[in-house]
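For reference, work30.cif (mmCIF, C-alpha atoms):
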data_structure
#
loop_
_atom_site.label_atom_id
_atom_site.label_comp_id
_atom_site.auth_asym_id
_atom_site.auth_seq_id
_atom_site.Cartn_x
_atom_site.Cartn_y
_atom_site.Cartn_z
CA MET P 27 -0.04 24.04 -16.45
CA ALA P 28 -3.14 24.96 -14.45
CA LEU P 29 -3.79 22.99 -11.27
CA ILE P 30 -7.32 21.68 -10.81
CA ARG P 31 -8.55 21.27 -7.23
CA VAL P 32 -10.24 17.89 -6.95
CA GLY P 33 -12.80 16.72 -4.41
CA LEU P 34 -13.56 13.01 -4.19
CA VAL P 35 -16.99 11.72 -3.20
CA GLY P 36 -16.52 8.06 -2.33
CA LEU P 37 -13.20 6.71 -1.04
CA GLY P 38 -13.63 3.00 -1.62
CA GLU P 39 -11.73 0.48 -3.69
CA VAL P 40 -11.41 2.42 -6.95
CA ALA P 41 -10.47 5.67 -5.19
CA GLN P 42 -7.77 4.03 -3.05
CA SER P 43 -6.28 1.76 -5.70
CA ILE P 44 -6.52 4.00 -8.76
CA HIS P 45 -7.71 7.59 -8.65
CA LEU P 46 -5.84 8.89 -5.63
CA PRO P 47 -2.43 7.46 -6.68
CA VAL P 48 -2.88 8.75 -10.25
CA LEU P 49 -3.90 12.20 -9.03
CA ALA P 50 -0.84 12.27 -6.77
CA ASP P 51 1.42 11.20 -9.66
CA GLN P 52 0.01 13.96 -11.85
CA ARG P 53 0.79 16.67 -9.30
CA ASP P 54 1.43 19.16 -12.11
CA ARG P 55 -2.26 18.89 -13.08
CA TRP P 56 -4.24 18.15 -9.92
CA VAL P 57 -4.45 18.99 -6.22
CA ILE P 58 -6.33 16.55 -4.01
CA ALA P 59 -8.31 19.22 -2.19
CA GLY P 60 -11.25 17.44 -0.59
CA ALA P 61 -12.64 14.07 0.43
CA HIS P 62 -15.92 12.67 1.65
CA ASP P 63 -17.21 9.18 2.40
CA VAL P 64 -19.95 7.72 4.56
CA SER P 65 -17.17 5.85 6.40
CA PRO P 66 -15.33 8.03 8.95
CA SER P 67 -12.39 5.62 8.95
CA LEU P 68 -11.92 6.04 5.21
CA VAL P 69 -11.99 9.83 5.48
CA LYS P 70 -9.43 9.66 8.28
CA LEU P 71 -7.17 7.35 6.26
CA ILE P 72 -7.26 9.43 3.07
CA THR P 73 -6.76 12.79 4.76
CA SER P 74 -3.77 11.34 6.62
CA GLN P 75 -2.24 9.95 3.42
CA TYR P 76 -2.96 13.06 1.33
CA PRO P 77 -2.41 16.13 3.55
CA THR P 78 -3.88 18.59 1.03
CA ALA P 79 -7.26 16.84 1.25
CA LYS P 80 -9.79 18.53 3.51
CA ALA P 81 -12.45 16.32 5.11
CA TYR P 82 -16.04 17.31 4.33
CA GLU P 83 -19.00 16.29 6.47
CA SER P 84 -21.24 15.64 3.46
CA ALA P 85 -21.02 15.16 -0.27
CA GLU P 86 -23.09 18.29 -0.76
CA ALA P 87 -20.68 20.36 1.35
CA LEU P 88 -17.76 19.19 -0.77
CA ILE P 89 -19.57 19.76 -4.05
CA ASN P 90 -20.64 23.27 -3.09
CA SER P 91 -17.28 24.32 -1.69
CA PRO P 92 -15.60 27.22 -3.51
CA ASP P 93 -12.30 25.40 -2.90
CA ILE P 94 -13.25 22.55 -5.26
CA ASP P 95 -13.00 22.85 -9.06
CA ALA P 96 -13.74 19.26 -10.12
CA VAL P 97 -15.80 16.58 -8.39
CA PHE P 98 -14.89 12.91 -8.77
CA VAL P 99 -18.08 10.90 -8.21
CA LEU P 100 -16.75 7.52 -7.05
CA SER P 101 -19.62 6.56 -4.77
CA SER P 102 -22.14 3.71 -5.12
CA ASP P 103 -24.05 3.56 -8.40
CA ASP P 104 -27.38 4.50 -6.86
CA THR P 105 -25.97 7.89 -5.76
CA HIS P 106 -24.45 8.95 -9.08
CA SER P 107 -27.44 10.83 -10.45
CA ARG P 108 -27.94 12.79 -7.23
CA PHE P 109 -24.32 13.87 -6.91
CA VAL P 110 -23.90 14.76 -10.59
CA ARG P 111 -27.08 16.83 -10.39
CA ALA P 112 -25.61 18.67 -7.38
CA ALA P 113 -22.29 19.19 -9.19
CA ILE P 114 -24.05 20.64 -12.25
CA THR P 115 -26.02 23.00 -10.02
CA ALA P 116 -22.72 24.03 -8.36
CA ASN P 117 -21.11 24.54 -11.80
CA LYS P 118 -18.28 22.04 -11.27
CA HIS P 119 -16.35 19.80 -13.62
CA VAL P 120 -17.26 16.14 -13.08
CA LEU P 121 -15.45 12.85 -13.47
CA LEU P 122 -18.09 10.16 -13.09
CA GLU P 123 -17.12 6.55 -12.59
CA LYS P 124 -19.00 4.09 -14.72
CA PRO P 125 -21.82 3.30 -14.87
CA ALA P 126 -22.91 6.89 -15.25
CA CYS P 127 -26.32 5.86 -13.90
CA LEU P 128 -28.33 2.67 -13.53
CA THR P 129 -31.24 3.69 -15.78
CA VAL P 130 -31.81 5.56 -19.02
CA ARG P 131 -34.36 7.71 -17.19
CA GLU P 132 -31.71 9.05 -14.80
CA ILE P 133 -29.25 9.86 -17.53
CA ASP P 134 -31.94 11.55 -19.64
CA GLU P 135 -32.71 13.81 -16.68
CA LEU P 136 -29.03 14.67 -16.28
CA MET P 137 -28.66 15.37 -20.01
CA ALA P 138 -31.63 17.72 -19.90
CA LEU P 139 -30.18 19.49 -16.86
CA SER P 140 -26.72 19.80 -18.45
CA LYS P 141 -27.85 21.03 -21.87
CA ASP P 142 -25.50 23.87 -22.86
CA TYR P 143 -23.42 23.15 -19.71
CA GLU P 144 -20.03 24.81 -20.10
CA LYS P 145 -18.07 22.62 -17.67
CA THR P 146 -16.74 19.13 -18.47
CA ILE P 147 -18.66 15.97 -17.57
CA PHE P 148 -16.43 12.98 -18.22
CA VAL P 149 -17.45 9.33 -17.69
CA GLY P 150 -14.59 7.07 -16.63
CA TYR P 151 -14.37 4.31 -19.25
CA MET P 152 -10.64 3.86 -18.82
CA ARG P 153 -10.27 0.98 -21.30
CA ARG P 154 -11.02 3.34 -24.16
CA TYR P 155 -7.87 5.23 -23.16
CA ALA P 156 -5.54 2.21 -22.94
CA PRO P 157 -2.54 2.43 -25.30
CA ALA P 158 -3.35 -0.88 -27.00
CA TYR P 159 -6.93 0.22 -27.61
CA LEU P 160 -5.84 3.54 -29.12
CA ALA P 161 -3.28 1.78 -31.34
CA ALA P 162 -5.83 -0.83 -32.45
CA ARG P 163 -8.05 1.80 -34.06
CA ASP P 164 -5.37 2.34 -36.73
CA GLU P 165 -5.03 -1.41 -37.36
CA LEU P 166 -8.66 -2.43 -37.77
CA PRO P 167 -9.86 -3.97 -41.01
CA ALA P 168 -12.16 -1.79 -43.11
CA HIS P 169 -15.63 -1.86 -41.55
CA GLU P 170 -17.17 -3.50 -44.59
CA ASP P 171 -14.59 -6.33 -44.32
CA ILE P 172 -15.20 -7.18 -40.66
CA THR P 173 -16.64 -10.67 -40.24
CA ARG P 174 -16.65 -11.01 -36.46
CA ILE P 175 -15.83 -9.31 -33.19
CA PHE P 176 -15.32 -11.38 -30.08
CA ASP P 177 -15.11 -9.91 -26.62
CA LEU P 178 -14.28 -11.76 -23.41
CA ILE P 179 -14.04 -10.37 -19.92
CA SER P 180 -13.70 -12.06 -16.54
CA GLU P 181 -13.66 -11.12 -12.87
CA GLY P 182 -10.58 -9.53 -11.32
CA ARG P 183 -11.54 -9.03 -7.69
CA HIS P 184 -8.87 -11.41 -6.44
CA PHE P 185 -6.01 -9.12 -7.36
CA LEU P 186 -6.28 -6.27 -4.90
CA LYS P 187 -6.09 -8.39 -1.79
CA ASN P 188 -2.76 -9.80 -3.01
CA SER P 189 -1.25 -6.56 -4.30
CA GLN P 190 -2.52 -3.58 -2.30
CA ASN P 191 -3.60 -2.70 1.22
CA ILE P 192 -7.16 -1.51 0.60
CA LEU P 193 -9.28 -0.49 3.57
CA TYR P 194 -12.75 -2.00 3.46
CA PRO P 195 -14.53 -0.11 6.23
CA ARG P 196 -16.82 -1.56 8.87
CA ASP P 197 -18.01 1.70 10.38
CA ILE P 198 -20.70 2.72 7.90
CA ASP P 199 -24.07 3.42 9.49
CA PRO P 200 -26.27 0.35 8.80
CA ALA P 201 -29.18 2.65 8.02
CA ILE P 202 -27.16 4.22 5.17
CA LEU P 203 -26.28 0.79 3.79
CA SER P 204 -29.89 -0.37 4.01
CA ARG P 205 -31.24 2.76 2.33
CA GLY P 206 -28.64 2.51 -0.43
CA ALA P 207 -29.50 -1.13 -1.09
CA GLU P 208 -33.20 -0.27 -1.35
CA GLU P 209 -32.55 2.63 -3.72
CA ARG P 210 -30.22 0.53 -5.86
CA ASP P 211 -32.73 -2.33 -6.07
CA ALA P 212 -35.53 0.06 -7.04
CA LEU P 213 -33.44 1.56 -9.84
CA ILE P 214 -32.38 -1.83 -11.17
CA ARG P 215 -35.97 -3.08 -11.16
CA GLU P 216 -36.97 -0.13 -13.33
CA VAL P 217 -34.98 -1.95 -16.01
CA VAL P 218 -35.29 -5.66 -15.22
CA GLY P 219 -38.90 -5.57 -13.94
CA LYS P 220 -40.41 -5.72 -10.49
CA ASP P 221 -40.96 -9.46 -10.85
CA ALA P 222 -37.38 -10.19 -11.98
CA SER P 223 -35.46 -13.04 -10.39
CA ALA P 224 -32.34 -12.53 -8.31
CA GLU P 225 -30.37 -14.04 -11.21
CA LEU P 226 -31.61 -11.41 -13.68
CA VAL P 227 -30.87 -8.64 -11.17
CA ARG P 228 -27.34 -10.00 -10.82
CA ALA P 229 -26.96 -10.16 -14.60
CA TYR P 230 -27.90 -6.49 -14.92
CA ARG P 231 -25.54 -5.50 -12.12
CA GLY P 232 -22.78 -7.30 -14.03
CA LEU P 233 -23.64 -5.47 -17.22
CA THR P 234 -23.47 -2.07 -15.53
CA ALA P 235 -20.24 -2.98 -13.73
CA LEU P 236 -17.47 -4.95 -15.45
CA SER P 237 -19.28 -5.47 -18.75
CA SER P 238 -19.91 -1.77 -19.26
CA HIS P 239 -16.21 -1.26 -20.03
CA HIS P 240 -16.24 -3.63 -22.98
CA ILE P 241 -19.65 -2.68 -24.31
CA SER P 242 -18.38 0.90 -24.41
CA ALA P 243 -15.09 -0.21 -25.98
CA MET P 244 -16.94 -2.24 -28.63
CA ARG P 245 -18.99 0.79 -29.61
CA GLY P 246 -15.91 3.00 -29.64
CA LEU P 247 -14.12 0.64 -32.03
CA ILE P 248 -16.77 -0.38 -34.52
CA GLY P 249 -19.79 1.84 -33.90
CA GLU P 250 -23.35 1.15 -32.85
CA PRO P 251 -24.98 -2.26 -33.31
CA ARG P 252 -28.34 -2.45 -35.04
CA ARG P 253 -29.89 -4.52 -32.29
CA VAL P 254 -29.33 -7.23 -29.71
CA VAL P 255 -30.08 -10.55 -31.42
CA ALA P 256 -29.90 -12.79 -28.38
CA ALA P 257 -28.82 -12.75 -24.74
CA HIS P 258 -28.60 -15.37 -22.03
CA HIS P 259 -27.31 -15.58 -18.48
CA THR P 260 -25.98 -18.59 -16.57
CA ASN P 261 -24.22 -19.35 -13.29
CA GLY P 262 -26.84 -17.56 -11.23
CA GLY P 263 -26.61 -14.45 -13.40
CA ALA P 264 -22.84 -14.17 -13.01
CA ASN P 265 -22.08 -15.15 -16.61
CA THR P 266 -23.55 -13.39 -19.64
CA SER P 267 -23.55 -14.18 -23.37
CA VAL P 268 -24.81 -11.64 -25.89
CA THR P 269 -24.95 -11.47 -29.69
CA PHE P 270 -25.05 -8.00 -31.27
CA ASP P 271 -26.23 -7.50 -34.87
CA TYR P 272 -23.94 -5.35 -37.02
CA GLY P 273 -25.59 -6.20 -40.31
CA HIS P 274 -23.00 -8.20 -42.22
CA PHE P 275 -21.34 -9.55 -39.07
CA ALA P 276 -22.17 -10.36 -35.46
CA CYS P 277 -20.39 -9.33 -32.30
CA LEU P 278 -20.20 -12.07 -29.69
CA TYR P 279 -19.76 -11.01 -26.10
CA ASP P 280 -19.06 -13.28 -23.13
CA ALA P 281 -18.62 -12.17 -19.54
CA VAL P 282 -17.39 -14.77 -17.06
CA VAL P 283 -17.20 -14.27 -13.32
CA ASP P 284 -15.53 -17.04 -11.36
CA ASP P 285 -13.20 -17.71 -8.44
CA LEU P 286 -10.23 -18.93 -10.45
CA GLY P 287 -8.26 -15.77 -9.76
CA LEU P 288 -7.34 -15.06 -13.39
CA PHE P 289 -8.16 -11.94 -15.39
CA ASP P 290 -8.80 -12.86 -19.00
CA ALA P 291 -10.01 -9.86 -20.97
CA MET P 292 -9.62 -9.19 -24.67
CA ILE P 293 -11.33 -7.76 -27.72
CA GLU P 294 -10.80 -9.45 -31.06
CA VAL P 295 -11.88 -8.08 -34.45
CA ARG P 296 -11.59 -10.28 -37.56
CA SER P 297 -11.91 -10.03 -41.30
CA ASN P 298 -11.24 -12.82 -43.78
CA THR P 299 -7.53 -11.95 -43.86
CA LYS P 300 -6.82 -10.07 -40.62
CA ARG P 301 -7.19 -10.43 -36.87
CA VAL P 302 -6.71 -7.55 -34.42
CA ARG P 303 -6.59 -8.56 -30.77
CA ILE P 304 -6.44 -6.17 -27.78
CA ILE P 305 -5.31 -7.96 -24.64
CA TYR P 306 -5.91 -6.40 -21.22
CA ASP P 307 -4.21 -7.54 -18.07
CA THR P 308 -6.03 -6.76 -14.86
CA PRO P 309 -6.78 -3.06 -14.30
CA TYR P 310 -6.64 -3.69 -10.56
CA ILE P 311 -2.85 -3.43 -10.67
CA ARG P 312 -1.73 -0.11 -12.13
CA SER P 313 0.80 0.07 -14.97
CA LEU P 314 0.51 -3.54 -16.06
CA PRO P 315 1.04 -3.54 -19.83
CA THR P 316 -1.66 -3.86 -22.43
CA ARG P 317 -0.86 -5.74 -25.61
CA LEU P 318 -1.92 -5.51 -29.23
CA GLU P 319 -1.52 -8.39 -31.67
CA VAL P 320 -2.20 -8.02 -35.40
CA THR P 321 -2.23 -11.16 -37.54
CA GLU P 322 -2.53 -11.02 -41.33
CA ALA P 323 -2.61 -13.65 -44.04
CA GLY P 324 0.71 -13.99 -45.85
CA PRO P 325 2.06 -16.08 -48.75
CA LEU P 326 3.65 -18.54 -46.32
CA GLY P 327 0.85 -18.46 -43.77
CA PRO P 328 -0.31 -16.08 -41.05
CA VAL P 329 2.10 -13.38 -39.87
CA THR P 330 1.66 -11.87 -36.40
CA LYS P 331 2.96 -8.49 -35.29
CA ALA P 332 3.05 -7.71 -31.58
CA PHE P 333 2.80 -4.15 -30.29
CA GLY P 334 4.18 -3.78 -26.81
CA PRO P 335 3.97 -4.65 -24.03
CA LEU P 336 2.59 -1.10 -23.80
CA TYR P 337 3.20 0.24 -20.31
CA GLY P 338 1.17 3.43 -20.57
CA ASP P 339 -1.39 3.43 -17.79
CA ALA P 340 -4.98 3.60 -19.06
CA PHE P 341 -6.10 5.43 -15.91
CA SER P 342 -3.28 7.98 -16.25
CA ASN P 343 -4.19 8.53 -19.89
CA GLU P 344 -7.81 8.95 -18.88
CA LEU P 345 -7.08 11.66 -16.30
CA GLU P 346 -4.68 13.45 -18.63
CA THR P 347 -7.47 13.49 -21.22
CA PHE P 348 -9.97 14.79 -18.66
CA HIS P 349 -7.58 17.60 -17.69
CA ARG P 350 -7.07 18.53 -21.35
CA HIS P 351 -10.82 18.76 -21.93
CA ILE P 352 -11.14 21.05 -18.91
CA MET P 353 -8.30 23.28 -20.13
CA GLU P 354 -9.45 23.41 -23.76
CA GLY P 355 -13.20 23.41 -23.18
CA THR P 356 -13.63 20.46 -25.52
CA LYS P 357 -16.17 17.64 -25.38
CA PRO P 358 -15.04 14.16 -24.28
CA LEU P 359 -15.89 11.04 -26.22
CA THR P 360 -17.07 9.37 -23.04
CA ASP P 361 -19.77 11.83 -22.00
CA LEU P 362 -23.34 11.39 -20.75
CA ALA P 363 -24.77 10.92 -24.25
CA ASP P 364 -22.21 8.20 -24.97
CA SER P 365 -23.06 6.44 -21.70
CA ARG P 366 -26.76 6.61 -22.51
CA ARG P 367 -26.15 4.39 -25.53
CA ASP P 368 -24.53 1.80 -23.25
CA LEU P 369 -27.49 1.83 -20.86
CA ALA P 370 -29.97 1.54 -23.73
CA LEU P 371 -28.10 -1.52 -25.02
CA MET P 372 -28.06 -3.05 -21.54
CA ALA P 373 -31.83 -2.59 -21.26
CA GLU P 374 -32.21 -4.31 -24.63
CA ILE P 375 -29.99 -7.16 -23.44
CA ILE P 376 -32.22 -7.63 -20.40
CA ALA P 377 -35.29 -7.69 -22.67
CA ARG P 378 -33.74 -10.46 -24.78
CA MET P 379 -32.85 -12.41 -21.61
CA ARG P 380 -36.46 -12.26 -20.47
CA GLU P 381 -37.68 -13.41 -23.90
CA SER P 382 -35.34 -16.41 -23.75
CA GLY P 383 -36.73 -17.47 -20.40
CA GLY P 384 -34.15 -15.76 -18.24
CA LYS P 385 -36.74 -14.14 -15.96
#

The structure given in the file should be rewritten as structure tokens.
Amino acid sequence: MALIRVGLVGLGEVAQSIHLPVLADQRDRWVIAGAHDVSPSLVKLITSQYPTAKAYESAEALINSPDIDAVFVLSSDDTHSRFVRAAITANKHVLLEKPACLTVREIDELMALSKDYEKTIFVGYMRRYAPAYLAARDELPAHEDITRIFDLISEGRHFLKNSQNILYPRDIDPAILSRGAEERDALIREVVGKDASAELVRAYRGLTALSSHHISAMRGLIGEPRRVVAAHHTNGGANTSVTFDYGHFACLYDAVVDDLGLFDAMIEVRSNTKRVRIIYDTPYIRSLPTRLEVTEAGPLGPVTKAFGPLYGDAFSNELETFHRHIMEGTKPLTDLADSRRDLALMAEIIARMRESGGK
């Protein structure tokens, strides 16, 4: 099996907890060949833990290196467009952490630049590669029989501090942090409006972060909604409720961010006689099982079948799929065009929030 030389741009939480360990596990597919971060301490840590990783002084130096085959863009959201553009120019494969970009404008520019691009650009929506999610597609009711889809997600940031030793650096140049915050705010306000409140800005950041996984998963399961009927945010923008119109049924989405320390994420699809429920434990701890429950009406009452626990790692499945696309030259489901549909829906959600007084 061909080894792909990987360079990572951004060595923060997701790189340390997920991508680097998975790449190391899949040593028959990948070589961790390069690393860059704006934090010198992070670069020092990663290159000491992964001896094959060469430190690069800049993201551009890594991307343009002839010793790198695939670039993992794991940096802050405001930098994604710039680094993907550089990787396309350098003719590299790209794994891009979600959100692909913060605005439809950015992703349209990348799609125009990558038209007829022969290398793989893969957006990291790992939940669409979870075993329970893949199994659920074969268990769904017929589309015309669906009466409801319910989706709940909650915050999981409490888990890493109790399960892994993640380095959160304190040596990043304050000027870099300030510039990044300004660029990120400018991009977000392209969508929410220059006059938007801090609560609406927070709501959009939540949509592009945690909520993007389930919006993408919803679309992957049951297709594209006709429109966003209603949307509202509460709790200072931390919590979001959205109703999607699918014609003969509605999809209800709730995102809850709190300090309870529980991760409560699921997708439920119902018809009049069947319920399919995908249950996700926290992705912050690798290899926790996902579960699939299928309940159907029976002559003596409802009958529930449980699939799992399914221990296949969604992140491992994701990287195996990325490698296969590189080797076979095939197009991933989670590409730039797919991510554009998520961003367009998020912009529509923000518009409904503003209409309902959520300015």

Q: Write out as a PyMOL selection string the residues lying within 12 Å of Gly273 (chain P), counting all atoms listed in the file and excluding same-chain residues fewer than 6 positions away.
A: chain P and resi 169-174+249-255

Residues at most 6 Å from region 312-322 of chain P, counting only C-alpha atoms, excluding those fewer than 4 positions away in the same chain, as a list in words? Ala158, Thr299, Lys300, Arg301, Val302, Arg303, Ile304, Ile305, Tyr306, Pro328, Val329, Thr330, Lys331, Ala332, Phe333, Gly334, Pro335, Leu336, Tyr337 and Asp339 of chain P

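Under the PyMOL selection byres ((chain P and resi 197-203) around 9), the matching residues in the shown file are Val64, Ser65, Pro66, Ser67, Pro195, Arg196, Ser204, Arg205, Gly206, Ala207 and Glu208 of chain P.
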
Same residues, C-alpha atoms, output as a PDB file, in the coordinates of the input:
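To be explicit, this is the file written out as result_32.pdb:
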ATOM      1  CA  VAL P  64     -19.950   7.720   4.560  1.00  0.00           C
ATOM      2  CA  SER P  65     -17.170   5.850   6.400  1.00  0.00           C
ATOM      3  CA  PRO P  66     -15.330   8.030   8.950  1.00  0.00           C
ATOM      4  CA  SER P  67     -12.390   5.620   8.950  1.00  0.00           C
ATOM      5  CA  PRO P 195     -14.530  -0.110   6.230  1.00  0.00           C
ATOM      6  CA  ARG P 196     -16.820  -1.560   8.870  1.00  0.00           C
ATOM      7  CA  SER P 204     -29.890  -0.370   4.010  1.00  0.00           C
ATOM      8  CA  ARG P 205     -31.240   2.760   2.330  1.00  0.00           C
ATOM      9  CA  GLY P 206     -28.640   2.510  -0.430  1.00  0.00           C
ATOM     10  CA  ALA P 207     -29.500  -1.130  -1.090  1.00  0.00           C
ATOM     11  CA  GLU P 208     -33.200  -0.270  -1.350  1.00  0.00           C
TER      12      GLU P 208
END

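Using the PyMOL selection byres ((chain P and resi 92-95) around 8) on the file at hand returns these residues: Ile30, Arg31, Val32, Gly33, Ala59, Gly60, Leu88, Ile89, Asn90, Ser91, Ala96, Val97, Lys118 and His119 of chain P.
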
Writer output for current selection, C-alpha atoms, as a short mmCIF file (atom, residue, chain, number, x, y, z; two decimals), in the coordinates of the input:
data_model
loop_
_atom_site.label_atom_id
_atom_site.label_comp_id
_atom_site.auth_asym_id
_atom_site.auth_seq_id
_atom_site.Cartn_x
_atom_site.Cartn_y
_atom_site.Cartn_z
CA ILE P 30 -7.32 21.68 -10.81
CA ARG P 31 -8.55 21.27 -7.23
CA VAL P 32 -10.24 17.89 -6.95
CA GLY P 33 -12.80 16.72 -4.41
CA ALA P 59 -8.31 19.22 -2.19
CA GLY P 60 -11.25 17.44 -0.59
CA LEU P 88 -17.76 19.19 -0.77
CA ILE P 89 -19.57 19.76 -4.05
CA ASN P 90 -20.64 23.27 -3.09
CA SER P 91 -17.28 24.32 -1.69
CA ALA P 96 -13.74 19.26 -10.12
CA VAL P 97 -15.80 16.58 -8.39
CA LYS P 118 -18.28 22.04 -11.27
CA HIS P 119 -16.35 19.80 -13.62
#

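Coordinates place CA of Arg131 (chain P) at a distance of 27.0 Å from CA of Gly355 (chain P).
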
| query | What is the CA of Leu71 (chain P) to CA of Leu193 (chain P) distance in Å? | reply |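 These two atoms are separated by 8.6 Å.
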
For region 190-295 of chain P versus region 140-157 of chain P, which residues have an atom no more than 9 Å away, and what is each residue's nearest atom pair and distance in Å rounded to one decimal, using all atoms listed in the file, chain-then-number order, as CSV?
residue,atom,partner,partner_atom,distance
P:Ser238,CA,P:Tyr151,CA,8.2
P:His239,CA,P:Tyr151,CA,5.9
P:His240,CA,P:Arg153,CA,7.7
P:Ser242,CA,P:Tyr151,CA,7.4
P:Ala243,CA,P:Arg154,CA,5.7
P:Gly246,CA,P:Arg154,CA,7.4
P:Leu247,CA,P:Arg154,CA,8.9

Just want the 12 Å neighbourhood of Leu139 (chain P), counted on only C-alpha atoms, with same-chain residues fewer than 5 positions away dropped. Output as a PDB file with C-alpha atoms, in the coordinates of the input.
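Produced file part.pdb, reproduced below:
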ATOM      1  CA  SER P 107     -27.440  10.830 -10.450  1.00  0.00           C
ATOM      2  CA  ARG P 108     -27.940  12.790  -7.230  1.00  0.00           C
ATOM      3  CA  VAL P 110     -23.900  14.760 -10.590  1.00  0.00           C
ATOM      4  CA  ARG P 111     -27.080  16.830 -10.390  1.00  0.00           C
ATOM      5  CA  ALA P 112     -25.610  18.670  -7.380  1.00  0.00           C
ATOM      6  CA  ALA P 113     -22.290  19.190  -9.190  1.00  0.00           C
ATOM      7  CA  ILE P 114     -24.050  20.640 -12.250  1.00  0.00           C
ATOM      8  CA  THR P 115     -26.020  23.000 -10.020  1.00  0.00           C
ATOM      9  CA  ASN P 117     -21.110  24.540 -11.800  1.00  0.00           C
ATOM     10  CA  GLU P 132     -31.710   9.050 -14.800  1.00  0.00           C
ATOM     11  CA  ILE P 133     -29.250   9.860 -17.530  1.00  0.00           C
ATOM     12  CA  ASP P 134     -31.940  11.550 -19.640  1.00  0.00           C
ATOM     13  CA  GLU P 144     -20.030  24.810 -20.100  1.00  0.00           C
ATOM     14  CA  LEU P 362     -23.340  11.390 -20.750  1.00  0.00           C
TER      15      LEU P 362
END

Practice prompt. Compare P:Ala377, P:Ala224, P:Leu136, P:Asn265 by their minimum atom-to-atom distance to Ala363 (chain P), counting only C-alpha atoms, and give me the closest one.
Written response: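 Checking each of P:Ala377, P:Ala224, P:Leu136, P:Asn265 against Ala363 (chain P), counting only C-alpha atoms, the winner is P:Leu136.
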
Within 7 Å of (-25.8, 4.9, -20.2), only C-alpha atoms: residues as a PDB file with C-alpha atoms, keeping the file's coordinate frame?
ATOM      1  CA  PRO P 125     -21.820   3.300 -14.870  1.00  0.00           C
ATOM      2  CA  ALA P 126     -22.910   6.890 -15.250  1.00  0.00           C
ATOM      3  CA  CYS P 127     -26.320   5.860 -13.900  1.00  0.00           C
ATOM      4  CA  VAL P 130     -31.810   5.560 -19.020  1.00  0.00           C
ATOM      5  CA  ILE P 133     -29.250   9.860 -17.530  1.00  0.00           C
ATOM      6  CA  LEU P 362     -23.340  11.390 -20.750  1.00  0.00           C
ATOM      7  CA  ASP P 364     -22.210   8.200 -24.970  1.00  0.00           C
ATOM      8  CA  SER P 365     -23.060   6.440 -21.700  1.00  0.00           C
ATOM      9  CA  ARG P 366     -26.760   6.610 -22.510  1.00  0.00           C
ATOM     10  CA  ARG P 367     -26.150   4.390 -25.530  1.00  0.00           C
ATOM     11  CA  ASP P 368     -24.530   1.800 -23.250  1.00  0.00           C
ATOM     12  CA  LEU P 369     -27.490   1.830 -20.860  1.00  0.00           C
ATOM     13  CA  ALA P 370     -29.970   1.540 -23.730  1.00  0.00           C
TER      14      ALA P 370
END

Evaluated on this file, the PyMOL selection byres ((chain P and resi 42-45) around 12) picks out some residues - which ones are they, written as a ChimeraX atom specification? /P:32-41,46-52,56,58,61,68-69,71-73,75-76,98-100,121-123,150,152,185-187,189-194,309-313,339-346

task: For CA of Ser382 (chain P) and CA of Thr266 (chain P), determine how far apart the two atoms are, in Å to one decimal place.
output: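 Interatomic distance here is 12.8 Å.
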
Fill in: Selection near Ile375 (chain P), 8 Å with all atoms listed in the file, sequence-local residues under 5 positions removed, as a list of chain:residue names
P:Val254, P:Ala256, P:Ala257, P:Val268

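Across P:Ala235, P:Ile248, P:Val283, P:Met292, the tightest approach to Asp271 (chain P) is made by P:Ile248 when counting only C-alpha atoms.
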
- Task: Could you check which of P:Gly324, P:Ala79, P:His351, P:Ile293 is closest to Ala162 (chain P), using only C-alpha atoms?
- Result: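 Counting only C-alpha atoms, the residue closest to Ala162 (chain P) is P:Ile293.
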
Q) Using all atoms listed in the file, which of the listed residues (P:Asp361, P:Glu135, P:Glu86, P:Glu354) sits closest to Asp63 (chain P)? A)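 With all atoms listed in the file as the atom set, the closest residue is P:Glu86.
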
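Each of P:Ala281, P:Ala222, P:Ala168, P:Leu128 was compared to Arg380 (chain P) using all atoms listed in the file, and P:Ala222 turns out to be the nearest.
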
Residue with the minimum atom-to-atom distance to Ser223 (chain P), picked from P:Gly327, P:Pro167, P:Gly287, P:Gly383 with all atoms listed in the file counted, is P:Gly383
